[in-house]
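A.B. asks: See work-v6.cif below, with mmCIF, C-alpha atoms.
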```
data_input
loop_
_atom_site.label_atom_id
_atom_site.label_comp_id
_atom_site.auth_asym_id
_atom_site.auth_seq_id
_atom_site.Cartn_x
_atom_site.Cartn_y
_atom_site.Cartn_z
CA MET R 27 40.40 -157.62 142.47
CA ASN R 28 37.09 -158.23 144.20
CA ARG R 29 34.07 -156.68 142.48
CA ARG R 30 30.60 -155.46 143.38
CA GLY R 31 27.62 -154.17 141.43
CA ILE R 32 26.03 -150.80 140.80
CA GLY R 33 22.42 -150.62 139.65
CA PRO R 34 19.56 -153.13 139.51
CA SER R 35 20.83 -156.68 140.05
CA GLY R 36 24.36 -155.29 140.16
CA GLY R 37 24.23 -154.46 136.47
CA MET R 38 27.57 -152.63 136.33
CA GLU R 39 30.26 -154.82 137.90
CA VAL R 40 32.99 -152.62 139.33
CA SER R 41 36.19 -153.13 141.30
CA VAL R 42 35.78 -152.50 145.04
CA VAL R 43 38.53 -149.87 144.79
CA GLY R 44 38.40 -147.25 142.06
CA PHE R 45 40.57 -144.33 140.99
CA GLY R 46 39.66 -140.89 142.35
CA ALA R 47 40.61 -137.97 140.10
CA TRP R 48 40.09 -134.98 142.42
CA GLU R 49 43.83 -134.46 142.76
CA ALA R 50 44.15 -134.53 138.97
CA GLY R 51 42.37 -131.16 138.85
CA GLY R 52 45.67 -129.63 139.89
CA ASP R 53 44.16 -126.95 142.10
CA ALA R 54 43.00 -128.18 145.51
CA TRP R 55 46.06 -130.40 146.06
CA GLY R 56 48.67 -128.25 144.37
CA PRO R 57 49.71 -128.33 140.71
CA ASN R 58 50.19 -131.51 138.69
CA GLU R 59 53.73 -132.48 137.77
CA SER R 60 52.38 -133.04 134.25
CA ASP R 61 49.31 -134.44 132.53
CA GLU R 62 51.40 -137.39 131.41
CA ARG R 63 52.37 -138.28 134.98
CA VAL R 64 48.73 -138.24 136.09
CA VAL R 65 47.67 -140.38 133.12
CA GLU R 66 50.46 -142.78 134.05
CA ALA R 67 49.02 -143.05 137.58
CA MET R 68 45.54 -143.73 136.20
CA HIS R 69 46.90 -146.40 133.88
CA ALA R 70 48.80 -147.98 136.78
CA GLY R 71 45.57 -148.24 138.78
CA LEU R 72 43.69 -149.74 135.85
CA ASP R 73 46.48 -152.21 135.12
CA ALA R 74 46.41 -153.26 138.80
CA GLY R 75 42.72 -154.16 138.71
CA MET R 76 40.73 -150.96 139.13
CA ASN R 77 38.09 -150.59 136.43
CA TRP R 78 36.57 -147.16 137.11
CA ILE R 79 37.64 -143.54 137.48
CA ASP R 80 35.63 -140.92 139.36
CA THR R 81 35.95 -137.25 138.40
CA ALA R 82 33.81 -134.08 138.38
CA GLU R 83 33.31 -130.89 136.41
CA VAL R 84 34.60 -128.76 139.30
CA TYR R 85 37.91 -130.62 139.72
CA GLY R 86 40.26 -128.03 138.30
CA LYS R 87 37.31 -126.51 136.39
CA GLY R 88 37.35 -129.31 133.85
CA VAL R 89 41.06 -130.12 133.97
CA SER R 90 40.50 -133.46 135.70
CA GLU R 91 37.88 -134.53 133.17
CA ARG R 92 40.18 -133.70 130.26
CA ILE R 93 42.99 -135.76 131.79
CA VAL R 94 40.63 -138.67 132.47
CA GLY R 95 39.60 -138.45 128.83
CA LYS R 96 43.23 -138.87 127.80
CA ALA R 97 43.65 -141.82 130.16
CA VAL R 98 40.66 -143.77 128.83
CA ALA R 99 40.96 -142.81 125.17
CA ASP R 100 42.61 -146.10 124.20
CA ARG R 101 41.05 -148.32 126.88
CA ARG R 102 37.38 -147.35 127.14
CA ASP R 103 36.34 -151.01 127.27
CA ALA R 104 38.44 -151.47 130.43
CA ALA R 105 37.40 -148.34 132.31
CA PHE R 106 34.04 -147.09 133.52
CA VAL R 107 33.91 -143.30 133.85
CA PHE R 108 31.98 -141.50 136.60
CA THR R 109 31.57 -137.73 136.81
CA LYS R 110 29.43 -135.12 138.58
CA VAL R 111 27.57 -131.86 138.12
CA ALA R 112 27.65 -129.29 140.92
CA PRO R 113 25.26 -126.50 141.93
CA SER R 114 26.01 -122.92 140.98
CA SER R 115 28.05 -120.90 141.54
CA GLU R 116 30.93 -123.40 141.71
CA GLY R 117 29.36 -125.73 139.15
CA SER R 118 27.01 -125.54 136.19
CA GLY R 119 23.88 -125.43 138.33
CA PHE R 120 20.95 -127.73 139.04
CA ARG R 121 18.19 -126.32 136.84
CA PRO R 122 17.15 -128.89 134.21
CA ASP R 123 18.69 -126.91 131.33
CA GLN R 124 21.91 -126.41 133.30
CA VAL R 125 22.23 -130.13 134.08
CA ARG R 126 21.74 -130.98 130.42
CA GLU R 127 24.35 -128.44 129.36
CA ALA R 128 26.71 -129.74 132.05
CA ILE R 129 26.66 -133.38 130.97
CA ARG R 130 27.26 -132.43 127.33
CA ALA R 131 30.19 -130.24 128.39
CA SER R 132 31.60 -133.06 130.51
CA LEU R 133 31.22 -135.53 127.65
CA GLY R 134 33.09 -133.12 125.40
CA ARG R 135 36.00 -132.82 127.83
CA LEU R 136 36.05 -136.59 128.38
CA GLY R 137 35.76 -137.38 124.69
CA LEU R 138 32.85 -139.76 125.33
CA ASP R 139 29.33 -140.34 124.05
CA PHE R 140 28.04 -141.30 127.50
CA VAL R 141 29.24 -141.67 131.08
CA ASP R 142 28.72 -144.77 133.15
CA LEU R 143 27.64 -142.90 136.29
CA TYR R 144 26.47 -139.27 136.51
CA GLN R 145 26.11 -137.76 139.98
CA LEU R 146 24.79 -134.65 141.72
CA HIS R 147 27.91 -133.44 143.52
CA TRP R 148 26.31 -131.87 146.60
CA PRO R 149 22.87 -130.53 147.57
CA ASP R 150 21.69 -127.28 146.03
CA GLU R 151 21.21 -124.30 148.35
CA THR R 152 19.84 -121.83 145.82
CA GLY R 153 16.21 -122.94 146.06
CA ILE R 154 15.98 -125.40 143.17
CA PRO R 155 13.86 -128.37 144.33
CA VAL R 156 15.82 -131.61 144.30
CA GLU R 157 12.81 -133.29 142.66
CA GLU R 158 13.18 -131.00 139.64
CA THR R 159 16.88 -131.75 139.28
CA TRP R 160 16.48 -135.48 139.87
CA GLY R 161 13.80 -135.70 137.20
CA THR R 162 16.39 -134.46 134.71
CA MET R 163 18.96 -136.96 135.95
CA VAL R 164 16.52 -139.81 135.45
CA ALA R 165 15.76 -138.52 131.96
CA LEU R 166 19.47 -138.49 131.11
CA ARG R 167 19.64 -142.14 132.17
CA ASP R 168 16.61 -142.97 130.08
CA GLU R 169 18.16 -141.20 127.08
CA GLY R 170 21.46 -143.08 127.39
CA LEU R 171 23.72 -140.11 128.17
CA ALA R 172 24.37 -141.77 131.55
CA ARG R 173 24.02 -145.49 132.22
CA TYR R 174 23.41 -144.92 135.93
CA VAL R 175 22.72 -141.86 138.06
CA GLY R 176 23.57 -141.10 141.66
CA VAL R 177 24.07 -138.44 144.29
CA SER R 178 26.91 -137.23 146.49
CA ASN R 179 26.92 -135.68 149.95
CA PHE R 180 23.22 -136.54 150.31
CA ASP R 181 21.44 -137.82 153.39
CA ARG R 182 18.51 -140.21 153.70
CA ALA R 183 15.87 -137.46 153.61
CA LEU R 184 17.06 -136.14 150.26
CA ILE R 185 17.30 -139.62 148.78
CA GLU R 186 13.74 -140.34 149.89
CA ARG R 187 12.63 -137.27 147.95
CA CYS R 188 14.38 -138.57 144.83
CA GLU R 189 13.22 -142.19 144.94
CA PRO R 190 9.56 -141.62 143.91
CA ILE R 191 10.82 -139.91 140.74
CA GLY R 192 13.34 -142.54 139.75
CA ARG R 193 15.85 -145.04 141.05
CA VAL R 194 18.94 -143.74 142.86
CA ASP R 195 21.81 -146.00 141.79
CA SER R 196 24.53 -144.73 144.10
CA VAL R 197 25.50 -142.39 146.92
CA GLN R 198 28.98 -140.92 147.25
CA ASN R 199 29.81 -139.60 150.73
CA GLU R 200 32.91 -139.04 152.82
CA TYR R 201 33.74 -142.15 154.81
CA SER R 202 36.86 -143.43 156.51
CA LEU R 203 38.13 -144.71 159.84
CA LEU R 204 38.15 -141.06 160.95
CA ILE R 205 34.75 -140.16 159.47
CA GLN R 206 32.26 -142.91 160.32
CA GLY R 207 28.98 -141.02 160.50
CA ASP R 208 27.25 -143.16 157.85
CA ARG R 209 28.31 -146.51 159.29
CA ARG R 210 25.64 -147.55 161.79
CA GLU R 211 22.37 -146.56 160.13
CA PHE R 212 22.86 -145.11 156.65
CA LEU R 213 24.99 -147.89 155.14
CA PRO R 214 22.56 -150.69 156.16
CA TRP R 215 19.62 -148.61 154.90
CA LEU R 216 21.29 -148.16 151.51
CA ALA R 217 22.23 -151.84 151.31
CA GLN R 218 18.59 -152.79 151.82
CA ARG R 219 17.74 -150.71 148.75
CA ASN R 220 20.61 -152.04 146.64
CA ILE R 221 22.09 -148.53 146.43
CA ALA R 222 25.85 -148.59 146.00
CA TYR R 223 27.91 -146.49 148.41
CA LEU R 224 31.05 -144.84 147.04
CA ALA R 225 33.31 -143.74 149.90
CA TYR R 226 35.39 -140.70 149.09
CA SER R 227 38.46 -139.73 151.09
CA PRO R 228 38.75 -143.27 152.55
CA MET R 229 42.33 -142.52 153.59
CA ALA R 230 41.22 -139.31 155.34
CA ALA R 231 42.88 -137.03 152.82
CA GLY R 232 46.26 -138.67 153.37
CA ILE R 233 46.30 -139.05 157.16
CA LEU R 234 45.64 -142.79 156.93
CA THR R 235 48.40 -143.40 154.39
CA GLY R 236 50.96 -143.41 157.19
CA ALA R 237 53.10 -140.98 155.20
CA ILE R 238 52.10 -137.79 157.05
CA ARG R 239 53.82 -136.93 160.31
CA ALA R 240 52.42 -134.78 163.11
CA ASP R 241 54.83 -131.94 162.28
CA HIS R 242 53.96 -131.89 158.58
CA VAL R 243 53.41 -128.44 157.06
CA PHE R 244 51.07 -128.33 154.05
CA ARG R 245 51.65 -125.95 151.15
CA ASP R 246 49.51 -122.81 151.16
CA ASP R 247 47.79 -123.95 147.94
CA ASP R 248 46.82 -127.30 149.52
CA TRP R 249 43.25 -127.24 150.90
CA ARG R 250 44.38 -129.17 153.98
CA SER R 251 46.47 -126.21 155.12
CA GLY R 252 43.45 -124.02 155.84
CA ARG R 253 45.28 -121.18 154.09
CA ARG R 254 44.28 -121.72 150.47
CA ASP R 255 41.14 -119.59 150.57
CA PRO R 256 40.17 -117.19 153.38
CA ASP R 257 36.51 -118.11 152.80
CA GLU R 258 37.17 -121.82 153.39
CA GLU R 259 36.96 -123.26 156.88
CA HIS R 260 40.01 -125.18 158.07
CA PRO R 261 39.06 -128.88 157.74
CA GLU R 262 38.37 -130.33 161.18
CA MET R 263 40.68 -133.34 160.72
CA PHE R 264 43.61 -131.01 160.13
CA ARG R 265 43.06 -128.47 162.87
CA PRO R 266 45.72 -128.22 165.60
CA GLY R 267 45.16 -130.87 168.23
CA ALA R 268 42.81 -133.01 166.14
CA PHE R 269 45.47 -133.45 163.46
CA GLU R 270 48.11 -134.74 165.87
CA GLU R 271 45.61 -137.12 167.47
CA ASN R 272 44.58 -138.47 164.08
CA VAL R 273 48.18 -139.03 163.05
CA SER R 274 48.73 -140.96 166.29
CA LYS R 275 45.82 -143.25 165.42
CA ALA R 276 47.23 -143.72 161.93
CA ASP R 277 50.56 -144.74 163.48
CA ARG R 278 48.81 -147.42 165.53
CA LEU R 279 47.03 -148.63 162.39
CA GLY R 280 50.44 -148.79 160.72
CA GLU R 281 51.76 -151.04 163.47
CA LEU R 282 48.87 -153.43 162.87
CA ALA R 283 49.39 -153.26 159.11
CA GLU R 284 53.05 -154.17 159.55
CA LYS R 285 52.08 -157.25 161.57
CA LEU R 286 49.72 -158.26 158.75
CA GLY R 287 52.37 -157.71 156.09
CA THR R 288 50.57 -154.83 154.39
CA THR R 289 50.60 -151.02 154.41
CA THR R 290 48.65 -148.47 156.44
CA ALA R 291 46.84 -147.18 153.36
CA THR R 292 45.93 -150.65 152.12
CA LEU R 293 44.50 -151.59 155.51
CA ALA R 294 42.51 -148.35 155.75
CA LEU R 295 41.00 -148.96 152.31
CA ALA R 296 40.26 -152.62 153.05
CA TRP R 297 38.38 -151.59 156.22
CA VAL R 298 36.16 -149.26 154.18
CA VAL R 299 35.35 -152.04 151.70
CA ALA R 300 34.59 -154.43 154.58
CA SER R 301 32.12 -152.00 156.17
CA SER R 302 29.15 -153.04 154.07
CA PRO R 303 28.37 -155.33 151.11
CA ASN R 304 27.53 -152.30 148.96
CA THR R 305 30.60 -150.16 149.74
CA LEU R 306 33.26 -149.12 147.21
CA ALA R 307 36.35 -147.04 147.95
CA ILE R 308 37.60 -144.10 145.88
CA ALA R 309 41.38 -143.90 146.15
CA GLY R 310 43.06 -140.89 144.60
CA SER R 311 46.72 -140.38 143.80
CA ARG R 312 48.95 -138.83 141.16
CA SER R 313 51.63 -141.44 141.80
CA PRO R 314 51.68 -144.69 139.81
CA GLU R 315 53.28 -146.48 142.76
CA HIS R 316 50.57 -145.34 145.15
CA ALA R 317 47.84 -146.24 142.65
CA ARG R 318 49.15 -149.80 142.46
CA SER R 319 49.37 -150.01 146.25
CA ASN R 320 45.80 -148.72 146.61
CA ALA R 321 44.55 -151.37 144.20
CA ALA R 322 45.99 -154.09 146.44
CA ALA R 323 43.32 -153.28 149.04
CA GLY R 324 40.75 -154.75 146.68
CA GLU R 325 42.21 -158.20 147.24
CA LEU R 326 42.61 -157.98 151.02
CA ASP R 327 39.90 -159.67 153.08
CA LEU R 328 39.91 -158.80 156.79
CA ASP R 329 38.84 -161.34 159.40
CA PRO R 330 36.69 -160.37 162.43
CA ASP R 331 39.64 -160.26 164.83
CA VAL R 332 41.47 -157.74 162.67
CA LEU R 333 38.33 -155.62 162.29
CA ALA R 334 37.93 -155.65 166.08
CA GLU R 335 41.54 -154.49 166.53
CA ILE R 336 40.95 -151.65 164.11
CA ASP R 337 37.75 -150.62 165.89
CA ALA R 338 39.66 -150.57 169.18
CA ILE R 339 42.00 -147.94 167.71
CA PHE R 340 39.32 -145.74 166.15
CA GLY R 341 36.27 -146.51 168.29
#
```
Written as structure tokens, how would this file's structure read?

C.D. replies:
Amino acid sequence: MNRRGIGPSGGMEVSVVGFGAWEAGGDAWGPNESDERVVEAMHAGLDAGMNWIDTAEVYGKGVSERIVGKAVADRRDAAFVFTKVAPSSEGSGFRPDQVREAIRASLGRLGLDFVDLYQLHWPDETGIPVEETWGTMVALRDEGLARYVGVSNFDRALIERCEPIGRVDSVQNEYSLLIQGDRREFLPWLAQRNIAYLAYSPMAAGILTGAIRADHVFRDDDWRSGRRDPDEEHPEMFRPGAFEENVSKADRLGELAEKLGTTTATLALAWVVASSPNTLAIAGSRSPEHARSNAAAGELDLDPDVLAEIDAIFG
């Protein structure tokens, strides 16, 4: 699989497609069949060329981290582990003492002495200055509890507040053919600073796999249904009207994928990787077969004509 770097001079060489462990939490996407099945999917991704797994303390309230720990227990040398701390009340909180407690709790669940990338999961809205939190993140990197540190769901303004305190190694934001807000300005800006960009939900939460039809009904405990929590807003991509239109675009992408001898999901992931020289794709699944298929995108190079055809569908 093709690889790119995270950190100064690309110090951590990672596969362009990595394994996303949000689903492994067993809450937002419905329950896991078993821990063993999820570990099997992670191993399938690693065996197919992925060399990193991304998780977070809030995924299943620690469940995902514990499963990732099982998956890497006998293959730590072959797998980089990324995790995140979230603001309160969903996460541990962003005060310096809370961040320190959070990483030690995550390390305990993962069974590790350090993580390869530690990230702020989303911006704090409780009044804690990002400079205060980022100073602690930089200290954790200096102390060796995290090799690299990054942010998630951050914009340029927040990153510019962090940079004077210490290097930002990565940004993890939502990015796909259906969510392209970062493409024109933010991605080039990050590339100029050698900041890696980790794209989450690159298959648009399943729409761009080609497996979801316009009449699909999601389970009530699946966040995509809009019925899991009355306090949660129905995700825009899955609202009536928008959902059917997005599935139609995915069908057209599937027709192009078939002509190229690949799958809809693989093509969607390959497009994300091709977007910028610093972009990596996070592909989540609890299926070993899907994990292997996702990994194949890391070997698919798209020529300009194909990229233009894709843009014509989603432009």

A.B. asks: Tell me, counting only C-alpha atoms, for each residue of stretch 47-114 of chain R within 8 Å of stretch 238-247 of chain R, which pair of atoms is nearest and how far apart they are in Å to one decimal, in rows ordered by chain and increasing number, as JSON lines.

C.D. replies:
```
{"residue": "R:Asp53", "atom": "CA", "partner": "R:Asp247", "partner_atom": "CA", "distance": 7.5}
{"residue": "R:Ala54", "atom": "CA", "partner": "R:Asp247", "partner_atom": "CA", "distance": 6.8}
{"residue": "R:Trp55", "atom": "CA", "partner": "R:Asp247", "partner_atom": "CA", "distance": 6.9}
{"residue": "R:Gly56", "atom": "CA", "partner": "R:Asp247", "partner_atom": "CA", "distance": 5.7}
```

A.B. asks: Applied to this file, what does the PyMOL selection byres ((chain R and resi 164) around 8) return in terms of residues, put as a VMD selection string?

C.D. replies: chain R and resid 160 to 163 165 to 168 175 191 to 193

A.B. asks: Pick from R:Tyr85, R:Glu270, R:Ile336, R:Pro256: nearest to R:Leu293, with only C-alpha atoms counted?

C.D. replies: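 So, comparing all the options, the nearest one is R:Ile336.
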
A.B. asks: Just want the 6 Å neighbourhood of stretch 39-51 of chain R, counted on all atoms listed in the file, with same-chain residues fewer than 5 positions away dropped. Output as a ChimeraX atom specification.

C.D. replies: /R:28-31,76-81,85-86,89-90,306-310,324

A.B. asks: Spell out the residues picked by the PyMOL selection byres ((chain R and resi 132) around 12) here, as an MDAnalysis selection string.

C.D. replies: chainID R and resid 81:85 87:95 107:112 117:118 125:131 133:141 144:145 171:172

A.B. asks: For a test of reading the model, state the distance in Å between atom CA of R:Glu158 and atom CA of R:Gly207, rounded to one decimal.

C.D. replies: 28.0 Å

A.B. asks: Let me make sure I understand: among R:Pro214, R:Pro155, R:Gly176, R:Pro330, which one has the smallest atom-to-atom distance to R:Pro303 if we use only C-alpha atoms?

C.D. replies: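 Residue with the minimum atom-to-atom distance to R:Pro303: R:Pro214.
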
A.B. asks: Measure the distance from atom CA of R:Ser251 to atom CA of R:Glu62 in Å and round it to one decimal.

C.D. replies: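 Pair atom CA of R:Ser251 / atom CA of R:Glu62 returns 26.7 Å.
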
A.B. asks: So, with only C-alpha atoms as the atoms that count, which of R:Asp181, R:Glu186, R:Asp255, R:Asp248 lies closest to R:Asp208?

C.D. replies: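 The answer is R:Asp181, which sits nearest to R:Asp208.
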
A.B. asks: Using all atoms listed in the file for the distances, tell me which of R:Glu59, R:Glu66, R:Glu200, R:Glu325 is nearest to R:Ser227.

C.D. replies: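 Distance minimum relative to R:Ser227 lands on R:Glu200.
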
A.B. asks: Do a neighbour search on R:Leu216 at 9 Å with all atoms listed in the file, toss out local chain neighbours closer than 6 positions, and write the hits as an MDAnalysis selection string.

C.D. replies: chainID R and resid 182 196:197 222:223 304

A.B. asks: If you apply the PyMOL selection byres ((chain R and resi 104) around 10) to this file, what residues do you get, as a ChimeraX atom specification?

C.D. replies: /R:72-73,75-78,98,100-103,105-107

A.B. asks: Go ahead and compute the interatomic distance for atom CA of R:Val273 and atom CA of R:Thr290, in Å to one decimal.

C.D. replies: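 Atom CA of R:Thr290 lies at a distance of 11.5 Å from atom CA of R:Val273.
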
A.B. asks: Under the rule that all atoms listed in the file are counted, which of R:Phe264, R:Tyr174, R:Tyr201, R:Phe180 is the nearest residue to R:Tyr226?

C.D. replies: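 Distance minimum relative to R:Tyr226 lands on R:Tyr201.
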
A.B. asks: Using all atoms listed in the file, which of the listed residues (R:Leu203, R:Ala268, R:Ala237, R:Met263) sits closest to R:Val298?

C.D. replies: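 Among R:Leu203, R:Ala268, R:Ala237, R:Met263, it is R:Leu203 that comes nearest to R:Val298.
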
A.B. asks: Compile the contact shell of R:Asp277 as a list in words: residues with an atom at most 9 Å away, counting only C-alpha atoms, same-chain residues fewer than 4 positions apart removed.

C.D. replies: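 My list of contacting residues is Leu234, Gly236, Asn272, Val273, Glu281, Leu282 and Thr290 of chain R.
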
A.B. asks: Which neighbours of R:Thr289 fall inside 12 Å, counting only C-alpha atoms, when residues of the same chain fewer than 2 positions from it are skipped, and could you give them as JSON, numbers by chain?

C.D. replies: {"R": [229, 234, 235, 236, 237, 276, 277, 278, 279, 280, 281, 282, 283, 284, 285, 286, 287, 291, 292, 293, 294, 295, 296, 316, 319, 320, 321, 322, 323, 326]}

A.B. asks: If we count only C-alpha atoms and set the cut-off at 9 Å, which residues sit around R:His260, ignoring sequence neighbours fewer than 5 positions away in its own chain? Please answer as a PDB file with C-alpha atoms, in the frame of the given file.

C.D. replies:
```
ATOM      1  CA  TRP R 249      43.250-127.240 150.900  1.00  0.00           C
ATOM      2  CA  ARG R 250      44.380-129.170 153.980  1.00  0.00           C
ATOM      3  CA  SER R 251      46.470-126.210 155.120  1.00  0.00           C
ATOM      4  CA  GLY R 252      43.450-124.020 155.840  1.00  0.00           C
ATOM      5  CA  ARG R 253      45.280-121.180 154.090  1.00  0.00           C
ATOM      6  CA  ARG R 265      43.060-128.470 162.870  1.00  0.00           C
TER       7      ARG R 265
END
```
